[in-house]
>>> print(open('run00.txt').read())   # compact mmCIF, C-alpha atoms
# COMPACT_ATOMS: atom_id res chain seq x y z
CA MET A 132 20.77 17.91 11.27
CA GLU A 133 17.40 18.30 9.53
CA THR A 134 16.34 14.75 10.40
CA ASP A 135 17.20 14.95 14.13
CA TYR A 136 13.49 15.13 14.91
CA LEU A 137 13.19 11.58 13.53
CA THR A 138 15.48 10.10 16.21
CA PRO A 139 12.64 9.08 18.59
CA LEU A 140 10.84 7.45 15.67
CA LYS A 141 13.93 5.53 14.58
CA GLU A 142 14.50 4.33 18.14
CA GLN A 143 10.91 3.15 18.45
CA ILE A 144 10.99 1.28 15.13
CA ALA A 145 14.29 -0.43 15.99
CA ARG A 146 13.11 -1.43 19.47
CA GLN A 147 9.72 -2.72 18.39
CA TRP A 148 11.27 -4.57 15.44
CA GLN A 149 13.56 -6.41 17.86
CA ALA A 150 10.58 -7.25 20.06
CA HIS A 151 7.90 -8.11 17.51
CA GLY A 152 9.30 -8.21 13.97
CA ARG A 153 7.10 -7.05 11.10
CA GLU A 154 3.68 -7.47 12.74
CA THR A 155 3.05 -5.52 15.94
CA PRO A 156 0.33 -5.88 18.60
CA VAL A 157 -1.23 -2.65 17.28
CA ASP A 158 -3.68 -3.56 14.54
CA GLY A 159 -2.58 -2.26 11.12
CA LEU A 160 0.90 -1.19 12.27
CA LEU A 161 3.63 -2.99 10.30
CA LEU A 162 7.39 -2.43 10.71
CA THR A 163 10.31 -2.85 8.33
CA SER A 164 14.04 -3.05 9.09
CA VAL A 165 16.39 -4.00 6.24
CA THR A 166 20.19 -3.98 6.30
CA ALA A 167 20.83 -4.15 2.53
CA PRO A 168 19.10 -2.98 -0.66
CA ALA A 169 16.20 -5.29 -1.56
CA GLY A 170 13.83 -5.85 -4.43
CA PRO A 171 12.03 -5.93 -6.67
CA ILE A 172 9.19 -6.34 -4.17
CA HIS A 173 5.70 -6.99 -5.53
CA ALA A 174 2.80 -6.22 -3.23
CA VAL A 175 -0.64 -4.66 -2.98
CA TYR A 176 -0.71 -1.42 -1.03
CA ARG A 177 -3.89 -0.85 0.93
CA PRO A 178 -5.04 2.55 2.26
CA SER A 179 -2.16 3.42 4.55
CA LEU A 180 0.46 5.89 5.71
CA CYS A 181 4.02 4.65 5.04
CA VAL A 182 6.80 6.56 6.80
CA VAL A 183 10.56 6.21 6.26
CA ALA A 184 12.67 7.16 9.29
CA GLN A 185 15.99 6.06 7.79
CA GLY A 186 17.11 4.88 4.35
CA ALA A 187 15.22 5.16 1.06
CA LYS A 188 12.65 3.30 -1.02
CA THR A 189 11.10 3.65 -4.48
CA SER A 190 7.60 2.39 -5.27
CA MET A 191 6.31 2.04 -8.83
CA LEU A 192 2.62 2.39 -9.65
CA GLY A 193 2.28 1.60 -13.33
CA ASP A 194 4.92 3.81 -14.95
CA ARG A 195 4.96 6.34 -12.09
CA ALA A 196 7.91 6.27 -9.66
CA TYR A 197 7.56 7.47 -6.06
CA ARG A 198 10.82 7.88 -4.14
CA TYR A 199 10.74 8.55 -0.42
CA ASP A 200 13.60 8.69 2.05
CA ALA A 201 14.16 9.77 5.68
CA GLY A 202 11.53 12.26 6.75
CA LYS A 203 9.20 11.47 3.84
CA CYS A 204 5.98 9.52 3.82
CA LEU A 205 3.85 7.89 1.18
CA ILE A 206 0.06 7.92 1.32
CA ALA A 207 -1.77 5.06 -0.39
CA SER A 208 -5.39 6.10 -0.77
CA MET A 209 -6.71 2.80 -2.20
CA GLU A 210 -5.67 -0.76 -2.98
CA VAL A 211 -3.13 -0.80 -5.80
CA PRO A 212 -0.56 -3.38 -6.97
CA ILE A 213 2.96 -1.95 -6.88
CA ARG A 214 6.57 -2.87 -7.56
CA ALA A 215 9.10 -1.47 -5.09
CA GLU A 216 12.79 -1.48 -4.19
CA ILE A 217 14.65 -0.63 -0.98
CA THR A 218 17.42 1.58 -2.35
CA GLY A 219 19.05 2.91 0.82
CA ALA A 220 20.01 0.37 3.50
CA THR A 221 23.27 -0.75 5.16
CA SER A 222 24.14 -2.74 8.26
CA GLU A 223 25.32 0.49 9.91
CA ARG A 224 22.27 2.49 8.82
CA PRO A 225 19.42 0.06 8.12
CA TYR A 226 16.28 1.03 6.30
CA LEU A 227 13.73 1.75 9.04
CA ALA A 228 10.10 2.33 8.16
CA PHE A 229 6.56 1.49 9.11
CA SER A 230 3.08 1.49 7.58
CA LEU A 231 -0.13 2.35 9.40
CA ALA A 232 -3.49 1.31 7.95
CA LEU A 233 -5.95 4.15 7.33
CA ASP A 234 -9.59 3.69 8.32
CA PRO A 235 -12.05 5.21 5.79
CA ALA A 236 -14.83 5.18 8.42
CA LEU A 237 -12.68 7.22 10.81
CA ILE A 238 -11.80 9.65 8.03
CA SER A 239 -15.49 10.08 7.20
CA ASP A 240 -16.29 10.73 10.85
CA LEU A 241 -13.56 13.36 11.20
CA LEU A 242 -14.65 15.09 8.00
CA LEU A 243 -17.69 16.30 9.92
CA GLY A 244 -15.37 18.59 11.87
CA LEU A 245 -13.75 20.14 8.80
CA GLU A 246 -15.02 23.40 7.35
CA ASN A 247 -13.98 22.68 3.76
CA LYS A 248 -15.28 19.30 2.63
CA ASP A 249 -15.68 20.18 -1.03
CA ASP A 250 -15.11 17.36 -3.50
CA ILE A 251 -12.05 17.64 -5.73
CA GLN A 252 -10.84 15.86 -8.84
CA ALA A 253 -9.50 12.35 -8.35
CA SER A 254 -5.81 12.37 -7.46
CA PRO A 255 -3.28 9.54 -7.93
CA ALA A 256 -3.61 6.62 -5.53
CA LEU A 257 -0.08 7.26 -4.22
CA GLY A 258 1.51 10.50 -3.09
CA VAL A 259 4.79 11.43 -1.36
CA TYR A 260 4.94 14.17 1.26
CA ALA A 261 7.29 15.51 3.92
CA LEU A 262 6.47 14.14 7.37
CA ALA A 263 5.24 17.02 9.53
CA PRO A 264 7.23 17.22 12.81
CA ASP A 265 4.00 17.39 14.84
CA LEU A 266 3.17 13.84 13.69
CA VAL A 267 6.30 12.31 15.23
CA ASP A 268 5.04 12.46 18.84
CA PRO A 269 1.67 10.72 18.31
CA LEU A 270 3.30 8.15 16.00
CA CYS A 271 5.87 7.37 18.71
CA ARG A 272 3.11 7.13 21.32
CA LEU A 273 1.23 4.68 19.12
CA MET A 274 4.32 2.50 18.71
CA ALA A 275 5.07 2.70 22.45
CA LEU A 276 1.73 1.00 23.09
CA CYS A 277 3.33 -2.20 21.77
CA ASP A 278 5.03 -2.34 25.20
CA LYS A 279 1.68 -1.93 26.99
CA PRO A 280 -0.74 -4.49 25.49
CA ARG A 281 -3.40 -3.80 28.14
CA ASP A 282 -3.63 -0.17 26.98
CA ILE A 283 -3.92 -0.85 23.24
CA THR A 284 -7.67 -1.34 22.98
CA VAL A 285 -8.43 1.87 24.90
CA ILE A 286 -5.64 4.26 23.93
CA ALA A 287 -4.71 3.20 20.36
CA PRO A 288 -8.05 4.36 18.84
CA LEU A 289 -7.59 7.78 20.47
CA VAL A 290 -4.04 8.17 19.16
CA ARG A 291 -5.04 6.98 15.69
CA ARG A 292 -7.83 9.55 15.71
CA GLU A 293 -5.28 12.25 16.58
CA ILE A 294 -2.93 11.11 13.81
CA THR A 295 -5.73 11.02 11.23
CA TRP A 296 -6.94 14.49 12.25
CA LEU A 297 -3.43 15.92 11.82
CA LEU A 298 -3.14 14.25 8.40
CA LEU A 299 -6.51 15.65 7.30
CA ASN A 300 -5.42 19.17 8.24
CA GLY A 301 -2.01 18.92 6.55
CA PRO A 302 -0.76 18.73 2.95
CA MET A 303 -2.14 15.20 2.61
CA GLY A 304 -5.63 16.37 3.58
CA PRO A 305 -7.15 16.68 0.07
CA THR A 306 -6.19 13.09 -0.78
CA LEU A 307 -7.46 11.72 2.53
CA ARG A 308 -10.73 13.58 2.17
CA GLN A 309 -11.31 11.74 -1.08
CA ILE A 310 -11.14 8.47 0.88
CA GLY A 311 -13.84 9.60 3.28
CA LEU A 312 -16.23 11.31 0.88
CA ALA A 313 -18.71 8.68 -0.35
CA GLY A 314 -19.48 10.55 -3.57
CA SER A 315 -15.93 11.56 -4.48
CA HIS A 316 -14.27 10.35 -7.67
CA MET A 317 -11.73 8.42 -5.63
CA ALA A 318 -14.41 6.69 -3.54
CA ARG A 319 -16.26 5.71 -6.73
CA ILE A 320 -13.09 4.25 -8.26
CA ALA A 321 -12.43 2.45 -4.97
CA ARG A 322 -15.83 0.73 -5.26
CA ALA A 323 -14.94 -0.45 -8.77
CA ILE A 324 -11.56 -1.68 -7.55
CA ALA A 325 -13.29 -3.68 -4.81
CA CYS A 326 -15.38 -5.38 -7.52
CA ILE A 327 -12.27 -6.23 -9.54
CA ARG A 328 -10.57 -7.70 -6.46
CA GLU A 329 -13.63 -9.78 -5.53
CA SER A 330 -13.88 -11.39 -8.98
CA PHE A 331 -10.46 -10.90 -10.60
CA THR A 332 -10.56 -14.38 -12.15
CA ASP A 333 -13.67 -13.48 -14.18
CA GLN A 334 -13.70 -11.76 -17.54
CA LEU A 335 -13.54 -8.01 -17.02
CA ASN A 336 -16.71 -6.05 -17.80
CA VAL A 337 -15.78 -2.36 -18.00
CA ARG A 338 -19.37 -1.23 -18.50
CA ARG A 339 -20.43 -2.99 -15.30
CA LEU A 340 -17.54 -1.40 -13.41
CA ALA A 341 -18.50 2.01 -14.77
CA ASP A 342 -22.05 1.44 -13.51
CA VAL A 343 -20.67 0.55 -10.05
CA ALA A 344 -18.70 3.81 -10.10
CA GLY A 345 -21.70 5.78 -11.35
CA MET A 346 -19.83 7.02 -14.42
CA SER A 347 -19.97 6.62 -18.17
CA PRO A 348 -17.45 4.06 -19.50
CA ALA A 349 -15.27 6.80 -21.01
CA THR A 350 -15.28 8.91 -17.83
CA PHE A 351 -14.65 5.83 -15.68
CA HIS A 352 -11.69 4.77 -17.82
CA ARG A 353 -10.18 8.27 -17.62
CA HIS A 354 -10.54 8.57 -13.84
CA PHE A 355 -9.39 4.99 -13.23
CA LYS A 356 -6.14 5.58 -15.10
CA ALA A 357 -5.63 8.97 -13.43
CA VAL A 358 -5.82 7.32 -10.01
CA THR A 359 -4.04 4.00 -10.61
CA ALA A 360 -1.74 4.77 -13.60
CA MET A 361 -3.23 1.63 -15.19
CA THR A 362 -6.22 0.65 -17.26
CA PRO A 363 -8.77 -1.67 -15.58
CA VAL A 364 -7.44 -4.56 -17.68
CA GLN A 365 -3.83 -3.88 -16.59
CA TYR A 366 -4.96 -3.62 -12.96
CA GLN A 367 -6.76 -6.96 -13.13
CA LYS A 368 -3.74 -8.58 -14.79
CA GLN A 369 -1.43 -7.48 -11.98
CA LEU A 370 -3.83 -8.84 -9.36
CA ARG A 371 -4.04 -12.16 -11.20
CA LEU A 372 -0.29 -12.51 -11.50
CA GLN A 373 0.35 -11.55 -7.87
CA GLU A 374 -2.20 -14.17 -6.80
CA ALA A 375 -0.40 -16.70 -9.02
CA ARG A 376 2.84 -15.89 -7.26
CA ARG A 377 1.18 -16.35 -3.87
CA LEU A 378 -0.13 -19.76 -4.95
CA LEU A 379 3.31 -20.79 -6.18
CA LEU A 380 4.75 -19.79 -2.82
CA SER A 381 2.08 -21.46 -0.69
CA ASP A 382 1.72 -24.86 -2.31
CA GLY A 383 3.95 -25.05 -5.39
CA ALA A 384 1.03 -26.27 -7.48
CA ASP A 385 1.33 -27.14 -11.16
CA VAL A 386 2.01 -23.99 -13.20
CA ALA A 387 -0.69 -24.67 -15.78
CA ARG A 388 -3.27 -25.38 -13.07
CA ILE A 389 -2.46 -22.08 -11.35
CA GLY A 390 -2.83 -20.25 -14.66
CA TYR A 391 -6.32 -21.68 -15.18
CA ALA A 392 -7.23 -20.98 -11.53
CA ILE A 393 -6.56 -17.24 -11.86
CA GLY A 394 -8.48 -16.85 -15.12
CA TYR A 395 -6.02 -17.57 -17.94
CA GLU A 396 -7.21 -19.84 -20.75
CA SER A 397 -3.74 -20.29 -22.24
CA PRO A 398 -0.78 -21.62 -20.18
CA SER A 399 1.66 -20.06 -22.66
CA GLN A 400 0.05 -16.62 -22.29
CA PHE A 401 0.13 -17.00 -18.50
CA SER A 402 3.83 -17.91 -18.52
CA ARG A 403 4.65 -15.09 -20.93
CA GLU A 404 2.86 -12.39 -18.90
CA TYR A 405 4.18 -13.78 -15.60
CA ARG A 406 7.74 -13.56 -16.87
CA ARG A 407 7.18 -10.03 -18.15
CA LEU A 408 6.10 -8.86 -14.68
CA PHE A 409 8.39 -10.87 -12.40
CA GLY A 410 11.43 -11.38 -14.64
CA ALA A 411 11.37 -15.19 -14.64
CA PRO A 412 8.98 -17.94 -15.78
CA PRO A 413 6.58 -19.12 -13.05
CA GLY A 414 8.23 -22.49 -12.46
CA ARG A 415 11.68 -21.05 -11.83
CA ASP A 416 10.36 -18.04 -9.94
CA GLY A 417 8.31 -20.34 -7.72
CA GLN A 418 11.44 -22.23 -6.73
CA GLU A 419 13.24 -19.00 -5.89
CA ILE A 420 10.47 -17.47 -3.80
CA ARG A 421 10.08 -20.68 -1.84
CA LYS A 422 13.71 -20.25 -0.87
CA GLY A 423 12.83 -16.89 0.64
CA LEU A 424 14.35 -14.72 -2.09
CA ALA A 425 11.31 -12.45 -2.53
CA PRO A 426 10.37 -10.81 0.80
CA GLN A 427 7.17 -8.80 1.02
CA ILE A 428 7.93 -5.40 2.54
CA GLU A 429 4.89 -3.19 2.97
CA ALA A 430 6.37 -0.04 4.51
>>> encode(input="run00.txt", output="structure tokens")
Amino acid sequence: METDYLTPLKEQIARQWQAHGRETPVDGLLLTSVTAPAGPIHAVYRPSLCVVAQGAKTSMLGDRAYRYDAGKCLIASMEVPIRAEITGATSERPYLAFSLALDPALISDLLLGLENKDDIQASPALGVYALAPDLVDPLCRLMALCDKPRDITVIAPLVRREITWLLLNGPMGPTLRQIGLAGSHMARIARAIACIRESFTDQLNVRRLADVAGMSPATFHRHFKAVTAMTPVQYQKQLRLQEARRLLLSDGADVARIGYAIGYESPSQFSREYRRLFGAPPGRDGQEIRKGLAPQIEA
């Protein structure tokens, strides 16, 4: 079958999941194994490579849908809030996937060895690609290091460098180059996004963000939406509401107090927008997530 080359990857994911669960000894390597459809899942994707070895998943960025199943991978080139669903998973054939954090500094370093480093127009923050067969071996070797903790600090950086080099020279290369090029449109938008994340409870100042990105407000707004499928205001709102959900889960604080803490001046507006995103008012949703009904699945 076409996906036979994925068998070693599936075996590694299943074995390491049994041994370690979601978080592995390899920094930035997260595993997922799910035996039934799940979602909606609300999370923030960070720069990463997400690979599905078995099953299927759909991630939504704004109004854009990205579906990836066995043999497909999703590249997240910057931090973006998403809504996702595991759509293909059974007890006989569980959803098996992993995510591997991407290091912008490593990408920048490897760009020195590429002949074509020309800047290109900003591309969407998410993209789905076929997993190249030559990536399976180094990915399996990286996972196998979970069984050899003494080797991780020495060998893992070398294998990650190999994986990143292969990604840069494949179909995903143009997107990854944008991460590593300091003056690229994507890198400029990433700087603005970092500012939003650092002060998401404050009133949004689009002109200041445009200055951070080194663009005019109109150009910044156009590139921001091209990359994230959201306006800066919509992006900030999703960050605020996801932080509210985290606070509800962690301490079950008073709903109105949480609304004020994340920057809302009106409890009714907070409750209304929370319900629009998560499908239930914050009080009821908080009770449900504290019962474990809203797992966070990164890969």
>>> residues_around(input="run00.txt", residues="A:Glu396", least_positions_apart="5", cutoff="12 Å", atoms="all atoms listed in the file", output="number ranges by chain")
A: 332-334, 387-391, 401-402
>>> residues_around(input="run00.txt", residues="stretch 308-323 of chain A", least_positions_apart="5", cutoff="9 Å", atoms="all atoms listed in the file", output="PyMOL selection string")
chain A and resi 178+208-210+234-242+248-256+299+303+328+339-346+351+354-355+358
>>> atom_distance(input="run00.txt", atom1="atom CA of A:Lys368", atom2="atom CA of A:Cys204")
27.7 Å
>>> closest_atom_pairs(input="run00.txt", of="stretch 185-295 of chain A", to="stretch 156-159 of chain A", cutoff="7 Å", atoms="only C-alpha atoms", output="tab-separated table")
residue	atom	partner	partner_atom	distance
A:Leu231	CA	A:Gly159	CA	5.5
A:Ala232	CA	A:Gly159	CA	4.9
A:Cys277	CA	A:Pro156	CA	5.7
A:Ile283	CA	A:Val157	CA	6.8
>>> residues_around(input="run00.txt", residues="A:Leu266", least_positions_apart="4", cutoff="10 Å", atoms="all atoms listed in the file", output="PyMOL selection string")
chain A and resi 262+270-271+293-295+297-298
>>> closest_residue(input="run00.txt", among="A:Ser190, A:Thr138, A:Ser347, A:Asn300", to="A:Ile213", atoms="only C-alpha atoms")
A:Ser190
>>> residues_around(input="run00.txt", residues="A:Leu257", least_positions_apart="2", cutoff="8 Å", atoms="only C-alpha atoms", output="ChimeraX atom specification")
/A:192,197,205-208,255,259
>>> decode(input="run00.txt", residues="stretch 344-366 of chain A", atoms="C-alpha atoms", output="PDB file, in the first residue's frame")
ATOM      1  CA  ALA A 344       6.641  45.117  11.555  1.00  0.00           C
ATOM      2  CA  GLY A 345       8.213  47.982   9.621  1.00  0.00           C
ATOM      3  CA  MET A 346       5.133  48.432   7.440  1.00  0.00           C
ATOM      4  CA  SER A 347       2.441  51.007   6.834  1.00  0.00           C
ATOM      5  CA  PRO A 348      -0.816  50.229   8.702  1.00  0.00           C
ATOM      6  CA  ALA A 349      -2.589  49.274   5.459  1.00  0.00           C
ATOM      7  CA  THR A 350       0.244  47.000   4.289  1.00  0.00           C
ATOM      8  CA  PHE A 351       0.560  45.453   7.755  1.00  0.00           C
ATOM      9  CA  HIS A 352      -3.168  44.716   7.922  1.00  0.00           C
ATOM     10  CA  ARG A 353      -3.090  43.082   4.468  1.00  0.00           C
ATOM     11  CA  HIS A 354      -0.078  40.875   5.230  1.00  0.00           C
ATOM     12  CA  PHE A 355      -1.323  39.990   8.720  1.00  0.00           C
ATOM     13  CA  LYS A 356      -4.610  38.686   7.344  1.00  0.00           C
ATOM     14  CA  ALA A 357      -2.864  36.860   4.484  1.00  0.00           C
ATOM     15  CA  VAL A 358      -0.728  34.969   7.003  1.00  0.00           C
ATOM     16  CA  THR A 359      -3.186  34.360   9.859  1.00  0.00           C
ATOM     17  CA  ALA A 360      -6.605  34.473   8.107  1.00  0.00           C
ATOM     18  CA  MET A 361      -7.601  36.959  10.836  1.00  0.00           C
ATOM     19  CA  THR A 362      -7.394  40.661  11.504  1.00  0.00           C
ATOM     20  CA  PRO A 363      -5.152  41.746  14.417  1.00  0.00           C
ATOM     21  CA  VAL A 364      -8.275  42.399  16.505  1.00  0.00           C
ATOM     22  CA  GLN A 365      -9.656  38.903  15.807  1.00  0.00           C
ATOM     23  CA  TYR A 366      -6.262  37.373  16.625  1.00  0.00           C
TER      24      TYR A 366
END
